[in-house]
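Novice: Structure file model_23.cif (mmCIF, C-alpha atoms and all ligand atoms) is given on the next line.
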data_protein
loop_
_atom_site.label_atom_id
_atom_site.label_comp_id
_atom_site.auth_asym_id
_atom_site.auth_seq_id
_atom_site.Cartn_x
_atom_site.Cartn_y
_atom_site.Cartn_z
CA MET A 19 22.62 -75.10 -21.77
CA VAL A 20 20.91 -77.96 -20.03
CA VAL A 21 22.60 -78.57 -16.72
CA THR A 22 20.78 -81.69 -15.63
CA ALA A 23 22.41 -85.00 -16.47
CA ARG A 24 19.75 -87.47 -15.37
CA THR A 25 19.93 -90.75 -17.16
CA SER A 26 16.56 -92.25 -16.43
CA LEU A 27 12.99 -91.13 -16.12
CA ASP A 28 9.71 -92.56 -14.91
CA ALA A 29 7.42 -92.12 -17.92
CA GLN A 30 4.44 -93.63 -16.12
CA LYS A 31 4.78 -91.05 -13.36
CA LEU A 32 5.31 -88.18 -15.81
CA ARG A 33 2.09 -89.09 -17.64
CA ALA A 34 0.17 -87.79 -14.63
CA ASP A 35 1.36 -84.28 -15.57
CA PHE A 36 -0.48 -84.51 -18.90
CA PRO A 37 -4.27 -84.10 -18.60
CA ILE A 38 -4.83 -85.38 -22.15
CA PHE A 39 -4.08 -88.93 -20.99
CA GLU A 40 -7.08 -88.87 -18.68
CA GLN A 41 -9.41 -89.63 -21.60
CA GLU A 42 -10.13 -92.72 -23.64
CA ILE A 43 -10.24 -92.92 -27.44
CA HIS A 44 -12.76 -95.42 -28.83
CA GLY A 45 -13.07 -96.83 -25.31
CA LYS A 46 -9.31 -97.45 -25.00
CA PRO A 47 -6.56 -95.54 -23.22
CA LEU A 48 -4.87 -93.04 -25.52
CA ALA A 49 -1.54 -94.29 -26.89
CA TYR A 50 -0.17 -91.08 -28.38
CA LEU A 51 2.69 -92.07 -30.69
CA ASP A 52 2.76 -88.87 -32.75
CA SER A 53 4.84 -86.52 -30.64
CA ALA A 54 6.99 -85.54 -33.63
CA VAL A 55 3.97 -83.78 -35.12
CA THR A 56 3.25 -81.99 -31.87
CA SER A 57 3.86 -82.95 -28.25
CA GLN A 58 1.28 -83.08 -25.51
CA LYS A 59 1.34 -80.34 -22.84
CA PRO A 60 1.95 -80.79 -19.13
CA ARG A 61 -0.15 -79.05 -16.51
CA GLN A 62 2.89 -76.96 -15.55
CA VAL A 63 2.84 -75.26 -18.97
CA LEU A 64 -0.94 -74.86 -19.07
CA ASP A 65 -0.87 -73.36 -15.55
CA ALA A 66 1.94 -70.94 -16.41
CA MET A 67 -0.04 -69.58 -19.37
CA ARG A 68 -3.28 -69.33 -17.40
CA ASP A 69 -1.43 -67.64 -14.55
CA PHE A 70 0.12 -65.14 -16.97
CA TYR A 71 -3.28 -64.20 -18.40
CA GLU A 72 -4.86 -64.01 -14.94
CA THR A 73 -2.15 -61.96 -13.22
CA SER A 74 0.25 -60.30 -15.68
CA ASN A 75 -1.41 -59.83 -19.05
CA ALA A 76 -0.37 -56.65 -20.87
CA ASN A 77 1.62 -55.84 -23.98
CA VAL A 78 5.40 -55.91 -23.66
CA HIS A 79 7.96 -53.12 -24.12
CA ARG A 80 5.14 -50.62 -24.54
CA GLY A 81 3.95 -49.47 -21.12
CA VAL A 82 5.45 -47.88 -18.03
CA TYR A 83 2.73 -49.25 -15.78
CA THR A 84 3.22 -52.21 -13.43
CA LEU A 85 1.32 -54.79 -15.44
CA SER A 86 3.26 -54.06 -18.62
CA GLU A 87 6.54 -54.24 -16.72
CA ARG A 88 5.47 -57.57 -15.26
CA ALA A 89 4.54 -58.92 -18.69
CA THR A 90 7.83 -57.68 -20.16
CA GLU A 91 9.75 -59.36 -17.37
CA ALA A 92 7.97 -62.68 -17.98
CA PHE A 93 8.49 -62.43 -21.75
CA GLU A 94 12.17 -61.51 -21.50
CA GLY A 95 12.63 -64.17 -18.82
CA ALA A 96 11.38 -66.71 -21.36
CA ARG A 97 13.90 -65.41 -23.90
CA GLN A 98 16.68 -65.97 -21.36
CA LYS A 99 15.45 -69.54 -20.81
CA VAL A 100 15.62 -70.24 -24.56
CA ALA A 101 19.11 -68.71 -24.71
CA ASP A 102 20.30 -70.91 -21.84
CA PHE A 103 18.60 -73.98 -23.31
CA VAL A 104 20.56 -73.73 -26.58
CA ASN A 105 23.68 -72.24 -24.94
CA ALA A 106 23.47 -68.97 -26.86
CA PRO A 107 26.38 -66.64 -26.05
CA ASP A 108 24.04 -63.62 -25.92
CA VAL A 109 20.30 -63.44 -25.12
CA ARG A 110 19.84 -60.76 -27.81
CA GLU A 111 20.56 -63.43 -30.40
CA VAL A 112 17.26 -65.17 -29.60
CA ILE A 113 14.30 -64.03 -31.70
CA PHE A 114 10.77 -65.16 -31.02
CA THR A 115 8.90 -66.30 -34.14
CA ARG A 116 5.61 -68.11 -34.74
CA GLN A 117 7.33 -71.50 -35.18
CA ALA A 118 10.42 -73.12 -36.73
CA THR A 119 8.97 -72.54 -40.20
CA GLU A 120 8.86 -68.79 -39.70
CA ALA A 121 12.35 -68.83 -38.16
CA LEU A 122 13.74 -70.59 -41.26
CA ASN A 123 11.85 -68.26 -43.62
CA LEU A 124 13.28 -65.32 -41.71
CA VAL A 125 16.81 -66.48 -42.53
CA ALA A 126 15.99 -67.41 -46.13
CA TYR A 127 14.40 -64.02 -46.83
CA ALA A 128 16.31 -61.59 -44.64
CA TRP A 129 19.73 -63.15 -45.26
CA GLY A 130 19.17 -64.87 -48.60
CA LEU A 131 17.75 -61.94 -50.57
CA ASN A 132 20.83 -59.80 -49.94
CA ASN A 133 23.52 -62.46 -49.94
CA LEU A 134 22.71 -64.83 -52.78
CA GLY A 135 23.14 -64.34 -56.51
CA PRO A 136 24.24 -66.01 -59.73
CA GLY A 137 27.31 -68.21 -59.22
CA ASP A 138 26.37 -68.92 -55.59
CA LEU A 139 25.06 -72.23 -54.30
CA VAL A 140 22.60 -73.27 -51.64
CA VAL A 141 23.08 -76.80 -50.32
CA VAL A 142 20.23 -78.60 -48.54
CA THR A 143 19.80 -82.28 -47.73
CA GLU A 144 17.46 -85.01 -48.91
CA LEU A 145 16.31 -85.34 -45.29
CA GLU A 146 14.93 -81.82 -45.04
CA HIS A 147 11.43 -81.03 -43.94
CA HIS A 148 9.79 -78.75 -46.51
CA SER A 149 10.28 -75.85 -44.07
CA ASN A 150 14.06 -75.99 -44.57
CA PHE A 151 13.86 -76.99 -48.23
CA VAL A 152 11.20 -74.91 -49.99
CA PRO A 153 12.32 -71.47 -48.67
CA TRP A 154 15.87 -72.16 -49.91
CA GLN A 155 14.73 -73.57 -53.24
CA TYR A 156 12.55 -70.48 -53.71
CA MET A 157 15.27 -68.07 -52.65
CA ALA A 158 17.77 -69.71 -55.00
CA GLU A 159 15.29 -69.32 -57.87
CA LYS A 160 14.61 -65.70 -56.94
CA THR A 161 18.26 -64.68 -56.71
CA GLY A 162 19.67 -66.80 -59.55
CA ALA A 163 21.74 -68.94 -57.15
CA GLY A 164 22.17 -72.69 -57.71
CA PHE A 165 20.41 -75.26 -55.54
CA ARG A 166 21.97 -78.62 -54.60
CA MET A 167 20.79 -81.52 -52.45
CA LEU A 168 23.02 -83.78 -50.40
CA HIS A 169 21.75 -87.36 -50.73
CA VAL A 170 21.25 -90.06 -48.12
CA ASN A 171 22.59 -93.62 -48.21
CA GLU A 172 20.59 -96.84 -47.79
CA ASP A 173 20.39 -96.29 -44.01
CA GLY A 174 18.92 -92.82 -44.44
CA GLU A 175 22.14 -91.14 -43.33
CA LEU A 176 23.76 -88.25 -45.17
CA ASP A 177 26.45 -89.15 -47.68
CA LEU A 178 29.00 -86.43 -46.96
CA SER A 179 31.11 -87.47 -49.93
CA GLY A 180 28.66 -85.46 -52.07
CA LEU A 181 29.74 -82.18 -50.46
CA ASP A 182 32.90 -81.53 -52.43
CA GLU A 183 31.11 -82.40 -55.66
CA ALA A 184 28.48 -79.78 -54.84
CA ALA A 185 31.20 -77.21 -54.20
CA ARG A 186 32.62 -77.67 -57.69
CA ASP A 187 29.47 -76.15 -59.18
CA GLY A 188 29.72 -72.71 -57.55
CA ASN A 189 30.32 -70.65 -54.44
CA VAL A 190 28.61 -72.42 -51.57
CA LYS A 191 26.92 -69.70 -49.52
CA VAL A 192 24.45 -71.66 -47.37
CA VAL A 193 24.28 -75.17 -46.00
CA ALA A 194 20.85 -75.96 -44.52
CA ALA A 195 20.22 -79.20 -42.60
CA ASN A 196 18.18 -80.55 -39.75
CA LEU A 197 19.87 -81.89 -36.61
CA VAL A 198 17.26 -84.65 -36.29
CA SER A 199 15.18 -85.87 -39.23
CA ASN A 200 11.43 -85.89 -38.56
CA ALA A 201 10.82 -88.68 -41.08
CA LEU A 202 13.57 -91.17 -40.17
CA GLY A 203 14.97 -90.01 -36.83
CA THR A 204 18.47 -89.73 -38.33
CA ILE A 205 20.79 -87.59 -36.20
CA ASN A 206 22.87 -85.51 -38.59
CA PRO A 207 26.56 -84.60 -38.17
CA ILE A 208 26.00 -80.86 -37.91
CA GLU A 209 29.47 -80.16 -36.48
CA LYS A 210 31.05 -81.66 -39.63
CA LEU A 211 28.63 -79.89 -41.96
CA ALA A 212 29.22 -76.57 -40.18
CA ALA A 213 33.01 -76.94 -40.39
CA TRP A 214 32.71 -77.74 -44.11
CA ALA A 215 30.29 -74.84 -44.67
CA HIS A 216 32.62 -72.39 -42.96
CA ALA A 217 35.60 -73.66 -44.96
CA GLN A 218 33.59 -72.68 -48.08
CA GLY A 219 32.75 -69.26 -46.62
CA ALA A 220 29.10 -70.36 -46.21
CA ILE A 221 26.68 -70.05 -43.31
CA MET A 222 25.22 -73.12 -41.56
CA VAL A 223 21.48 -73.06 -40.94
CA VAL A 224 20.15 -75.75 -38.61
CA ASP A 225 16.53 -76.81 -38.39
CA GLY A 226 16.32 -77.90 -34.77
CA ALA A 227 12.56 -78.52 -34.66
CA GLN A 228 12.98 -82.25 -33.91
CA ALA A 229 16.21 -81.90 -31.96
CA ALA A 230 15.36 -79.31 -29.31
CA PRO A 231 12.62 -81.44 -27.66
CA HIS A 232 14.76 -84.57 -27.36
CA HIS A 233 18.49 -83.95 -27.76
CA PRO A 234 20.87 -81.65 -25.84
CA VAL A 235 21.48 -78.53 -27.93
CA ASP A 236 24.57 -76.36 -27.76
CA VAL A 237 24.71 -73.96 -30.70
CA GLN A 238 28.31 -73.05 -29.89
CA ALA A 239 29.46 -76.68 -29.91
CA LEU A 240 27.48 -77.34 -33.12
CA GLY A 241 29.32 -74.43 -34.73
CA CYS A 242 26.21 -73.34 -36.63
CA ASP A 243 25.10 -69.80 -37.49
CA PHE A 244 21.34 -70.22 -37.12
CA PHE A 245 19.18 -72.67 -35.16
CA ALA A 246 15.38 -72.86 -35.37
CA LEU A 247 12.92 -74.50 -32.96
CA SER A 248 9.16 -74.79 -32.35
CA ALA A 249 7.67 -74.68 -28.85
CA HIS A 250 4.76 -77.00 -29.63
CA LYS A 251 7.06 -79.96 -30.22
CA MET A 252 8.74 -79.55 -26.82
CA CYS A 253 5.80 -79.51 -24.40
CA GLY A 254 5.08 -75.84 -25.13
CA PRO A 255 2.14 -74.17 -26.87
CA THR A 256 1.54 -73.65 -30.57
CA GLY A 257 2.07 -70.15 -31.94
CA VAL A 258 5.64 -69.55 -30.79
CA GLY A 259 9.07 -70.67 -31.89
CA ALA A 260 12.54 -69.24 -31.75
CA LEU A 261 15.49 -68.50 -33.96
CA TRP A 262 18.98 -68.28 -32.56
CA GLY A 263 21.40 -66.47 -34.86
CA ARG A 264 25.00 -65.36 -34.62
CA ARG A 265 24.97 -61.75 -33.54
CA GLU A 266 27.24 -60.26 -36.19
CA ILE A 267 25.21 -61.91 -38.96
CA LEU A 268 21.87 -60.80 -37.48
CA GLU A 269 23.18 -57.27 -37.10
CA ALA A 270 24.25 -57.12 -40.74
CA MET A 271 20.86 -58.41 -41.95
CA GLU A 272 17.89 -56.40 -43.11
CA PRO A 273 14.64 -56.97 -41.19
CA PHE A 274 12.14 -59.65 -42.22
CA ASN A 275 8.77 -58.19 -41.21
CA LEU A 276 8.15 -54.45 -41.00
CA GLY A 277 5.88 -52.48 -38.67
CA GLY A 278 5.54 -51.70 -34.99
CA HIS A 279 8.23 -52.39 -32.40
CA MET A 280 11.06 -53.22 -34.84
CA ILE A 281 12.01 -49.62 -35.61
CA SER A 282 14.35 -47.06 -34.12
CA LYS A 283 13.16 -43.87 -35.87
CA VAL A 284 10.42 -43.43 -38.44
CA ARG A 285 10.44 -40.27 -40.55
CA TYR A 286 8.67 -39.46 -43.77
CA GLU A 287 12.04 -39.71 -45.57
CA SER A 288 13.23 -43.02 -44.13
CA THR A 289 13.15 -45.48 -41.22
CA THR A 290 15.92 -46.99 -39.13
CA TRP A 291 15.77 -50.34 -37.40
CA GLY A 292 15.74 -51.22 -33.72
CA GLU A 293 18.42 -53.15 -31.87
CA LEU A 294 18.49 -56.95 -31.64
CA PRO A 295 16.31 -58.86 -31.07
CA HIS A 296 13.56 -56.26 -31.63
CA LYS A 297 14.59 -55.61 -35.26
CA PHE A 298 13.17 -59.04 -36.08
CA GLU A 299 10.08 -58.95 -33.85
CA ALA A 300 7.60 -56.71 -35.68
CA GLY A 301 4.14 -56.33 -34.15
CA THR A 302 2.80 -57.76 -30.92
CA SER A 303 4.68 -60.91 -29.97
CA PRO A 304 3.12 -64.22 -28.87
CA ILE A 305 3.60 -63.20 -25.24
CA ALA A 306 1.69 -65.81 -23.24
CA GLU A 307 2.98 -68.43 -25.67
CA ALA A 308 6.59 -67.39 -24.99
CA VAL A 309 5.86 -67.66 -21.27
CA GLY A 310 4.49 -71.16 -21.96
CA LEU A 311 7.69 -72.02 -23.86
CA GLY A 312 9.72 -70.84 -20.86
CA ALA A 313 7.67 -73.12 -18.59
CA ALA A 314 8.16 -76.00 -21.04
CA ILE A 315 11.92 -75.49 -20.92
CA ASP A 316 11.80 -75.53 -17.11
CA TYR A 317 9.85 -78.79 -17.32
CA LEU A 318 12.29 -80.42 -19.77
CA ASN A 319 15.25 -79.31 -17.66
CA GLU A 320 13.61 -80.78 -14.59
CA VAL A 321 13.08 -84.14 -16.30
CA GLY A 322 16.54 -83.95 -17.91
CA ILE A 323 17.04 -83.82 -21.66
CA GLU A 324 19.65 -86.61 -21.61
CA ALA A 325 17.17 -88.83 -19.77
CA ILE A 326 14.49 -87.99 -22.34
CA GLU A 327 16.78 -88.90 -25.22
CA ALA A 328 17.91 -92.16 -23.60
CA HIS A 329 14.29 -93.12 -22.84
CA GLU A 330 13.18 -92.50 -26.42
CA GLN A 331 16.14 -94.36 -27.88
CA GLU A 332 15.28 -97.40 -25.75
CA LEU A 333 11.69 -97.30 -26.96
CA ALA A 334 12.77 -96.87 -30.58
CA ALA A 335 15.10 -99.87 -30.30
CA VAL A 336 12.25 -102.04 -28.98
CA ALA A 337 9.82 -100.77 -31.61
CA LEU A 338 12.30 -101.43 -34.43
CA GLU A 339 12.90 -104.96 -33.19
CA ARG A 340 9.24 -105.80 -32.62
CA LEU A 341 7.97 -104.27 -35.88
CA GLY A 342 10.85 -105.89 -37.77
CA GLU A 343 9.60 -109.31 -36.68
CA ILE A 344 6.26 -108.80 -38.45
CA GLU A 345 6.09 -110.25 -41.93
CA GLY A 346 5.76 -107.66 -44.67
CA VAL A 347 7.00 -104.73 -42.56
CA THR A 348 9.72 -102.53 -44.08
CA LEU A 349 11.61 -100.27 -41.69
CA TYR A 350 13.31 -97.07 -42.83
CA GLY A 351 16.27 -95.21 -41.36
CA PRO A 352 19.44 -95.91 -39.41
CA PRO A 353 20.02 -98.52 -36.68
CA ALA A 354 18.53 -97.81 -33.26
CA ASP A 355 21.79 -96.54 -31.74
CA ARG A 356 22.12 -93.82 -34.38
CA ARG A 357 18.59 -92.41 -34.36
CA ALA A 358 16.16 -90.43 -32.25
CA GLY A 359 12.80 -91.79 -31.03
CA ILE A 360 11.19 -91.92 -34.45
CA VAL A 361 10.30 -95.12 -36.33
CA SER A 362 9.07 -95.04 -39.93
CA PHE A 363 7.70 -98.16 -41.56
CA ASN A 364 5.43 -99.57 -44.22
CA VAL A 365 3.31 -102.69 -44.30
CA GLU A 366 3.42 -104.49 -47.62
CA GLY A 367 0.32 -103.93 -49.71
CA ILE A 368 -1.44 -101.72 -47.15
CA HIS A 369 -1.63 -97.94 -47.51
CA PRO A 370 -0.26 -96.09 -44.48
CA HIS A 371 -3.60 -94.30 -44.03
CA ASP A 372 -5.33 -97.66 -43.63
CA VAL A 373 -2.76 -98.76 -41.06
CA ALA A 374 -3.20 -95.50 -39.14
CA GLN A 375 -6.98 -95.81 -39.25
CA VAL A 376 -7.03 -99.33 -37.82
CA LEU A 377 -4.58 -98.20 -35.14
CA ASP A 378 -6.84 -95.27 -34.30
CA SER A 379 -9.73 -97.66 -33.72
CA GLU A 380 -7.46 -99.24 -31.07
CA GLY A 381 -6.73 -95.83 -29.49
CA VAL A 382 -3.23 -95.68 -30.98
CA ALA A 383 -2.30 -92.40 -32.72
CA ILE A 384 0.47 -92.48 -35.32
CA ARG A 385 1.15 -90.32 -38.35
CA ALA A 386 0.75 -91.61 -41.89
CA GLY A 387 1.87 -89.50 -44.83
CA HIS A 388 4.90 -87.91 -46.44
CA HIS A 389 5.76 -86.02 -43.24
CA CYS A 390 6.42 -82.86 -45.29
CA CYS A 391 9.48 -84.63 -46.75
CA GLN A 392 8.51 -85.35 -50.33
CA PRO A 393 12.10 -85.35 -51.70
CA LEU A 394 12.94 -88.04 -49.12
CA MET A 395 9.84 -90.07 -50.01
CA THR A 396 10.98 -89.94 -53.66
CA ARG A 397 14.37 -91.32 -52.58
CA LEU A 398 12.67 -94.11 -50.60
CA ALA A 399 10.44 -94.76 -53.62
CA VAL A 400 7.26 -94.52 -51.54
CA ALA A 401 4.41 -92.03 -51.45
CA ALA A 402 4.13 -92.19 -47.68
CA THR A 403 5.15 -94.07 -44.54
CA ASN A 404 3.69 -94.83 -41.15
CA ARG A 405 5.55 -93.08 -38.36
CA ALA A 406 5.53 -93.73 -34.62
CA SER A 407 7.32 -91.13 -32.52
CA PHE A 408 8.00 -91.21 -28.80
CA TYR A 409 8.42 -88.70 -26.00
CA LEU A 410 9.06 -88.56 -22.30
CA TYR A 411 5.53 -89.81 -21.52
CA SER A 412 5.68 -92.81 -23.88
CA VAL A 413 5.59 -96.23 -22.22
CA PRO A 414 6.55 -99.73 -23.50
CA GLU A 415 2.92 -100.97 -23.37
CA GLU A 416 2.16 -98.51 -26.15
CA ILE A 417 4.63 -100.36 -28.37
CA ASP A 418 2.79 -103.60 -27.60
CA ARG A 419 -0.42 -101.94 -28.71
CA LEU A 420 1.26 -100.55 -31.84
CA VAL A 421 2.53 -104.02 -32.78
CA GLU A 422 -0.85 -105.65 -32.07
CA GLY A 423 -2.55 -102.97 -34.16
CA VAL A 424 -0.23 -103.58 -37.11
CA GLN A 425 -0.90 -107.33 -36.84
CA LYS A 426 -4.63 -106.67 -36.75
CA THR A 427 -4.31 -104.46 -39.86
CA ARG A 428 -2.56 -107.30 -41.70
CA LYS A 429 -5.40 -109.67 -40.76
CA ILE A 430 -8.08 -107.23 -41.91
CA PHE A 431 -6.39 -106.43 -45.21
CA GLY A 432 -4.97 -109.99 -45.44
N1 LIG B 501 7.15 -81.58 -38.53
C1 LIG B 501 6.00 -83.68 -38.42
O1 LIG B 501 5.01 -84.39 -38.28
P1 LIG B 501 6.48 -76.02 -37.51
O2 LIG B 501 5.27 -76.40 -38.26
O3 LIG B 501 7.11 -74.77 -38.06
O4 LIG B 501 6.31 -76.00 -36.04
O5 LIG B 501 7.53 -77.19 -37.76
C2 LIG B 501 7.99 -77.44 -39.05
C3 LIG B 501 9.05 -78.47 -39.02
C4 LIG B 501 10.34 -78.11 -39.38
N2 LIG B 501 11.33 -79.00 -39.33
C5 LIG B 501 11.15 -80.27 -38.94
C6 LIG B 501 12.32 -81.19 -38.88
C7 LIG B 501 9.87 -80.68 -38.56
O6 LIG B 501 9.69 -81.93 -38.16
C8 LIG B 501 8.80 -79.78 -38.63
C9 LIG B 501 7.39 -80.22 -38.31
C10 LIG B 501 5.89 -82.18 -38.24
O7 LIG B 501 7.09 -84.18 -38.67
C11 LIG B 501 4.76 -81.61 -39.02
S1 LIG B 501 4.96 -81.77 -40.74
#
What would you get if you wrote out this structure as structure tokens?
Specialist:
Amino acid sequence: MVVTARTSLDAQKLRADFPIFEQEIHGKPLAYLDSAVTSQKPRQVLDAMRDFYETSNANVHRGVYTLSERATEAFEGARQKVADFVNAPDVREVIFTRQATEALNLVAYAWGLNNLGPGDLVVVTELEHHSNFVPWQYMAEKTGAGFRMLHVNEDGELDLSGLDEAARDGNVKVVAANLVSNALGTINPIEKLAAWAHAQGAIMVVDGAQAAPHHPVDVQALGCDFFALSAHKMCGPTGVGALWGRREILEAMEPFNLGGHMISKVRYESTTWGELPHKFEAGTSPIAEAVGLGAAIDYLNEVGIEAIEAHEQELAAVALERLGEIEGVTLYGPPADRRAGIVSFNVEGIHPHDVAQVLDSEGVAIRAGHHCCQPLMTRLAVAATNRASFYLYSVPEEIDRLVEGVQKTRKIFG
């Protein structure tokens, strides 16, 4: 678990750790307001990965020579950092994956195929990213289980009154929800959902892709059974993510991918599986990437995750206020004090791609699209939104530039 409890940070100073900000875009300083899609990487992470390749590169768990032992130590050290970061009771419960998407597919396939059937129900939410929606929808179809969606209210917050109604239609076996919504920034009441899920005899699967970078995570306090994250959204590299799962459930599960490293004994007649976490880590792992994730966790701990969250919430509050003052702007999602550093909006009569393109010409990067949340876009009755998302290196001047860019867009498309 995160031990630091810093309440403020100096974003301007932290920016110096990120080489990407040394460049200009269209002759203007880069205002990167798309950290929810992927975060930028500090020198500390880039250096850790370069150092690994230059001094310790070898495969892990496969050699008795010094270099392989060094690589294994670095890789397993990173696993311990992830375990501490999410307050996992046991480091063997942390499985390295390619990203959050693979972590969620692992659960849907390896748990879902053997535990779902006709009469059972899978409950997801209207706020889900496709990565925690489509695998469950598919698995329900494949196994004959029912599929239900918990709706959001006008503020983009989950309407928990729909839970008991869902339970009337079958045996709820899985509840799958994100802790922080990537499209609206809503922070979901996972503790309540997990308690309800367990009362039904269901497992609670949490998509933590947008939570882990910005919000203190304690899987034991959340009361969930699985928690997925992606390194690239939390100052780490692409290509690695992690799944935390409750040990007894992981042990009872069949493997997800089959091949090297995940076995105990292979005979012509049959094969037995390795111990946790190796049972779920077939093939060569993303080793340097895991080391980079470990360095990213060190970096976030050093800055302080509470300070990061407070900083982003302040920026989101300012952005909501300033954008809300512009005529024709519609804001989506909950009030500033109940959301993470994500602001979704539309400008009347102007397609989000046009808004994003004008902003790009000003050096401001935001995302425009459905954010891989098409069921939510249907609920909002829009095809897409603009989305600005903040991180520890975001500064208030970038909000000024965002607001000026939106005003300029309105003039151009007048
Ligand atoms: N959201 C966004 O712009 P991967 O691709 O596996 O690292 O992350 C998938 C994912 C899962 N859950 C949530 C809540 C997410 O936000 C994402 C990624 C990006 O919002 C890309 S669509």
Novice: Quick one: which chain A residues come within 7 Å of ligand LIG 501 (chain B), and what is the nearest atom pair for each with the distance in Å to one decimal, counting all atoms listed in the file, rows ordered by chain and ascending number, as a tab-separated table?
Specialist:
residue	atom	partner	partner_atom	distance
A:Ala54	CA	B:LIG501	O1	5.2
A:Val55	CA	B:LIG501	O1	3.4
A:Thr56	CA	B:LIG501	C10	6.9
A:Gln117	CA	B:LIG501	O3	4.4
A:Ala118	CA	B:LIG501	O3	3.9
A:Thr119	CA	B:LIG501	O3	3.6
A:Glu120	CA	B:LIG501	O3	6.4
A:Glu146	CA	B:LIG501	C6	6.7
A:His147	CA	B:LIG501	N2	5.0
A:Ser149	CA	B:LIG501	C4	5.2
A:Asn150	CA	B:LIG501	N2	6.6
A:Asn196	CA	B:LIG501	C6	6.0
A:Val198	CA	B:LIG501	C6	6.6
A:Ser199	CA	B:LIG501	C6	5.5
A:Asn200	CA	B:LIG501	O6	4.3
A:Ala201	CA	B:LIG501	O7	6.3
A:Asp225	CA	B:LIG501	N2	5.7
A:Gly226	CA	B:LIG501	C6	6.6
A:Ala227	CA	B:LIG501	C5	4.8
A:Gln228	CA	B:LIG501	C6	5.1
A:Ser248	CA	B:LIG501	O4	4.8
A:His250	CA	B:LIG501	O4	6.7
A:His389	CA	B:LIG501	S1	5.0
A:Cys390	CA	B:LIG501	S1	4.9
Novice: Next, write the just-selected residues to a file, as a short mmCIF file (atom, residue, chain, number, x, y, z; two decimals), keeping the file's coordinate frame, keeping C-alpha atoms as the atom set.
Specialist:
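Listing of again-v1.cif after writing:
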data_model
loop_
_atom_site.label_atom_id
_atom_site.label_comp_id
_atom_site.auth_asym_id
_atom_site.auth_seq_id
_atom_site.Cartn_x
_atom_site.Cartn_y
_atom_site.Cartn_z
CA ALA A 54 6.99 -85.54 -33.63
CA VAL A 55 3.97 -83.78 -35.12
CA THR A 56 3.25 -81.99 -31.87
CA GLN A 117 7.33 -71.50 -35.18
CA ALA A 118 10.42 -73.12 -36.73
CA THR A 119 8.97 -72.54 -40.20
CA GLU A 120 8.86 -68.79 -39.70
CA GLU A 146 14.93 -81.82 -45.04
CA HIS A 147 11.43 -81.03 -43.94
CA SER A 149 10.28 -75.85 -44.07
CA ASN A 150 14.06 -75.99 -44.57
CA ASN A 196 18.18 -80.55 -39.75
CA VAL A 198 17.26 -84.65 -36.29
CA SER A 199 15.18 -85.87 -39.23
CA ASN A 200 11.43 -85.89 -38.56
CA ALA A 201 10.82 -88.68 -41.08
CA ASP A 225 16.53 -76.81 -38.39
CA GLY A 226 16.32 -77.90 -34.77
CA ALA A 227 12.56 -78.52 -34.66
CA GLN A 228 12.98 -82.25 -33.91
CA SER A 248 9.16 -74.79 -32.35
CA HIS A 250 4.76 -77.00 -29.63
CA HIS A 389 5.76 -86.02 -43.24
CA CYS A 390 6.42 -82.86 -45.29
#
Novice: Tell me, in Å to one decimal, how far CA of Ser53 in chain A is from CA of Leu394 in chain A.
Specialist: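 These atoms are spaced 20.2 Å apart.
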Novice: Which value, in Å to one decimal, gives the distance between CA of Ala195 in chain A and CA of Thr143 in chain A?
Specialist: 6.0 Å
Novice: Can you tell me, as JSON, numbers by chain, what residues are no more than 6 Å from range 177-188 of chain A when counting all atoms listed in the file, ignoring any on the same chain fewer than 5 positions away?
Specialist: {"A": [137, 138, 139, 169, 170, 171]}
Novice: How would the residues just picked look written out with C-alpha atoms as a PDB file, in the coordinates of the input?
Specialist:
ATOM      1  CA  GLY A 137      27.310 -68.210 -59.220  1.00  0.00           C
ATOM      2  CA  ASP A 138      26.370 -68.920 -55.590  1.00  0.00           C
ATOM      3  CA  LEU A 139      25.060 -72.230 -54.300  1.00  0.00           C
ATOM      4  CA  HIS A 169      21.750 -87.360 -50.730  1.00  0.00           C
ATOM      5  CA  VAL A 170      21.250 -90.060 -48.120  1.00  0.00           C
ATOM      6  CA  ASN A 171      22.590 -93.620 -48.210  1.00  0.00           C
TER       7      ASN A 171
END
Novice: Check which residues of range 36-85 of chain A sit at most 10 Å from range 416-424 of chain A using only C-alpha atoms, and return one row each with the closest pair of atoms and their distance in Å to one decimal, ordered by chain and rising number, as a Markdown table.
Specialist:
| residue | atom | partner | partner_atom | distance |
| --- | --- | --- | --- | --- |
| A:Pro47 | CA | A:Glu416 | CA | 9.7 |
| A:Leu48 | CA | A:Glu416 | CA | 8.9 |
| A:Ala49 | CA | A:Glu416 | CA | 5.7 |
| A:Tyr50 | CA | A:Glu416 | CA | 8.1 |
| A:Leu51 | CA | A:Glu416 | CA | 7.9 |
Novice: Of the candidates A:Ala194, A:Trp291, A:Ala402, A:Gly259, which shows the shortest atom-to-atom distance to His148 in chain A, using only C-alpha atoms?
Specialist: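 Of A:Ala194, A:Trp291, A:Ala402, A:Gly259, the one nearest His148 in chain A, counting only C-alpha atoms, is A:Ala194.
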Novice: Per residue of range 273-381 of chain A within 10 Å of range 62-75 of chain A, what are the shortest atom pair and its distance in Å to one decimal, counting all atoms listed in the file, with rows by chain and residue number, as CSV?
Specialist:
residue,atom,partner,partner_atom,distance
A:Ile305,CA,A:Asn75,CA,8.6
A:Ala306,CA,A:Met67,CA,5.7
A:Glu307,CA,A:Met67,CA,7.1
A:Ala308,CA,A:Met67,CA,9.0
A:Val309,CA,A:Met67,CA,6.5
A:Gly310,CA,A:Val63,CA,5.3
A:Leu311,CA,A:Val63,CA,7.6
A:Gly312,CA,A:Val63,CA,8.4
A:Ala313,CA,A:Val63,CA,5.3
A:Ala314,CA,A:Val63,CA,5.8
A:Ile315,CA,A:Val63,CA,9.3
A:Asp316,CA,A:Val63,CA,9.2
A:Tyr317,CA,A:Gln62,CA,7.4
